[in-house]
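Report on the following structure.
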Protein chains: 2
Amino acid sequence: MDLLEAIATTRAIRRYRPDPVSEEDLATILYAATRAPTGSNRQPFRFLVLRDGPYAVKAKALLKEGGRRMWSGKRTEEGYDAPPSDDSPRARMDRTMHHLIDTFERIPVVVLPCLIRYRPPHPGEGGSIYPACQNLLLAARGIGLGGVITNFQAFVEPELRDLLRIPEQVAISATIPIGHPAGRHGPVRRRPLAELVYDDVWEGEAEWVG
Amino acid sequence: MDLLEAIATTRAIRRYRPDPVSEEDLATILYAATRAPTGSNRQPFRFLVLRDGPYAVKAKALLKEGGRRMWSGKRTEEGYDAPPSDDSPRARMDRTMHHLIDTFERIPVVVLPCLIRYRPPHPGEGGSIYPACQNLLLAARGIGLGGVITNFQAFVEPELRDLLRIPEQVAISATIPIGHPAGRHGPVRRRPLAELVYDDVWEGEAEWVG
């Protein structure tokens with residue numbers, strides 16, 4: 001698949017077909033993830049893959065609860081709790097999130113990207129883990145899979161860390177479900193480029209973005 | 001260019017030919033950057049592009065000083081200061097970093113990826129800016145350019161923020177020089193996949209990574 005096309009059409013995929021993900025496909029997307037850059041090439045990232053093993057089954061149930069807590073707070077605070085008849089983007093997102101959470105145990109693969117810290121937590125540390133998450137999602141898209149970066153782990157972190165024996169100095173940076181998309185990839189919805197790019201100085205107009 | 005090949009061969013590029021980067025190419029890589037996912041699709045990212053405008057010239061000089069400070073600390077603390085005759089990876093990195101810093105004002109483009117915060121600084125916030133940085137680097141590789149994620153801004157942040165009028169609630173998440181590579185892209189150096197991927201539980205062996 002063409003690189004620029006893949007970048008432009010990798011949607012967040014939150015609904016999956018029940019088909020399993022082959023180990024070969026899994027290895028392909030994890031290989032892609034680990035090609036990402038990290039500070040000083042330290043490669044502090046580790047990818048914990050949850051499928052249907054004994055720990056994974058329990059971890060998925062915990063992450064489902066994490067998703068419930070996350071979304072129940074967010075939907076009321078940020079106005080996603082529109083009536084079910086509503087067809088606005090927010091109401092559709094609410095239904096999709098409920099679907100994702102309700103079916104969480106049946107998602108073929110959940111990847112926990114982790115970061116082994118060598119210094120205290122810092123906003124810049126994400127530069128050594130989130131590029132790898134993006135590689136993972138792009139590679140998934142390239143071979144017919146899809147996924148989405150969520151924050152479900154943050155709402156059940158102590159229990160999850162305990163269950164999966166993740167050491168204290170390791171950050172669990174995201175929860176990424178992966179599967180065969182029930183819907184389609186396609187162009188993503190973003191603001192016009194001229195609103196997101198500045199030339200020379202903050203808020204400087206970049207006329208050349210076209 | 002093929003997606004998976006691009007992912008596997010996007011090296012950190014720190015030496016550039018003097019050729020300018022066309023505005024069309026710049027628009028292409030920034031479009032790619034802004035296709036990345038962000039939390040709740042808030043798109044809190046802004047990309048400040050430094051070329052040869054009046055602010056850019058001053059900002060590049062500041063960032064060069066930031067690079068000097070960063071590397072002078074790191075090379076002694078982390079043992080990159082081997083004798084110049086040494087041909088070890090660390091000695092070569094030392095020479096490359098000196099080259100990058102010494103020639104910083106002549107780099108055609110420097111991108112500052114910025115994050116408009118809506119909550120206090122947090123290690124997870126990088127999930128809304130570093131995927132975009134990776135898209136930028138991959139797209140650059142796809143059209144014959146190259147770059148590298150550095151942290152130079154962190155060492156001159158107050159002055160840089162003041163010069164470029166970057167508001168207080170905005171994080172400057174990286175300093176990414178971009179240009180036509182003097183060397184080549186190619187396979188990246190990473191640990192074996194089996195050391196980076198765990199199955200089912202922390203340190204669980206993933207036999208299927210092959």
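How things are named: the first chain in the structure tokens is A, the next is B, and so on; residues count from 1 in each chain; ligands count from 1 in the order shown.
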Discussion item. Taking only C-alpha atoms into account and nothing else, which residues of chain A lie no more than 6 Å away from chain B? Please answer as a PyMOL selection string.
Written reply: chain A and resi 1-3+8+27+35+46-50+53+55-56+122-123+126-127+130-131+134+164-166+196-202+209
Output for the residues just chosen: C-alpha atoms as a PDB file, in the first residue's frame:
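Printed below is again-v6.pdb as written:
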ATOM      1  CA  MET A   1       0.000   0.000   0.000  1.00  0.00           C
ATOM      2  CA  ASP A   2       1.196   3.513  -0.781  1.00  0.00           C
ATOM      3  CA  LEU A   3       2.685   5.385   2.177  1.00  0.00           C
ATOM      4  CA  ALA A   8      -4.209  10.035   4.809  1.00  0.00           C
ATOM      5  CA  ALA A  27       4.403  -9.932  13.951  1.00  0.00           C
ATOM      6  CA  ARG A  35      11.100   0.512  13.818  1.00  0.00           C
ATOM      7  CA  ARG A  46       7.790  -2.950  25.146  1.00  0.00           C
ATOM      8  CA  PHE A  47       4.561  -4.184  23.564  1.00  0.00           C
ATOM      9  CA  LEU A  48       2.427  -6.436  25.708  1.00  0.00           C
ATOM     10  CA  VAL A  49       0.046  -8.361  23.451  1.00  0.00           C
ATOM     11  CA  LEU A  50      -3.260  -9.590  24.903  1.00  0.00           C
ATOM     12  CA  GLY A  53      -4.281 -16.338  27.164  1.00  0.00           C
ATOM     13  CA  TYR A  55      -3.805 -13.187  31.755  1.00  0.00           C
ATOM     14  CA  ALA A  56      -5.287 -11.602  28.634  1.00  0.00           C
ATOM     15  CA  HIS A 122       7.751  13.862  31.862  1.00  0.00           C
ATOM     16  CA  PRO A 123       5.455  15.116  29.045  1.00  0.00           C
ATOM     17  CA  GLY A 126       5.912  10.234  24.836  1.00  0.00           C
ATOM     18  CA  GLY A 127       8.384  10.951  22.040  1.00  0.00           C
ATOM     19  CA  TYR A 130       3.782   7.279  20.568  1.00  0.00           C
ATOM     20  CA  PRO A 131       5.690   7.294  17.250  1.00  0.00           C
ATOM     21  CA  GLN A 134       1.472   5.373  15.053  1.00  0.00           C
ATOM     22  CA  LEU A 164       0.108  -8.310  34.376  1.00  0.00           C
ATOM     23  CA  ARG A 165       3.154  -7.923  36.671  1.00  0.00           C
ATOM     24  CA  ILE A 166       4.183  -4.658  35.072  1.00  0.00           C
ATOM     25  CA  LEU A 196      -2.805  23.951  11.917  1.00  0.00           C
ATOM     26  CA  VAL A 197       0.402  25.262  10.320  1.00  0.00           C
ATOM     27  CA  TYR A 198       2.125  28.523  11.217  1.00  0.00           C
ATOM     28  CA  ASP A 199       4.941  30.146   9.257  1.00  0.00           C
ATOM     29  CA  ASP A 200       7.900  31.847  10.945  1.00  0.00           C
ATOM     30  CA  VAL A 201       6.071  32.826  14.166  1.00  0.00           C
ATOM     31  CA  TRP A 202       3.113  31.678  16.266  1.00  0.00           C
ATOM     32  CA  VAL A 209      -0.159  25.278   2.399  1.00  0.00           C
TER      33      VAL A 209
END
Discussion item. As number ranges by chain, please: every residue in chain A that DSSP puts in alpha helix (DSSP H).
Written reply: A: 3-8, 23-34, 54-77, 89-102, 130-142, 157-164, 193-196
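The smallest atom-to-atom distance between Leu63 (chain B) and any of B:Ile116, B:Pro158, B:Phe104, B:Val109, using only C-alpha atoms, is found for B:Phe104.
Ranking B:Met97, B:Lys64, B:Arg119, B:Gly146 by their shortest atom-to-atom distance to Gly183 (chain B), with only C-alpha atoms included, puts B:Gly146 first.
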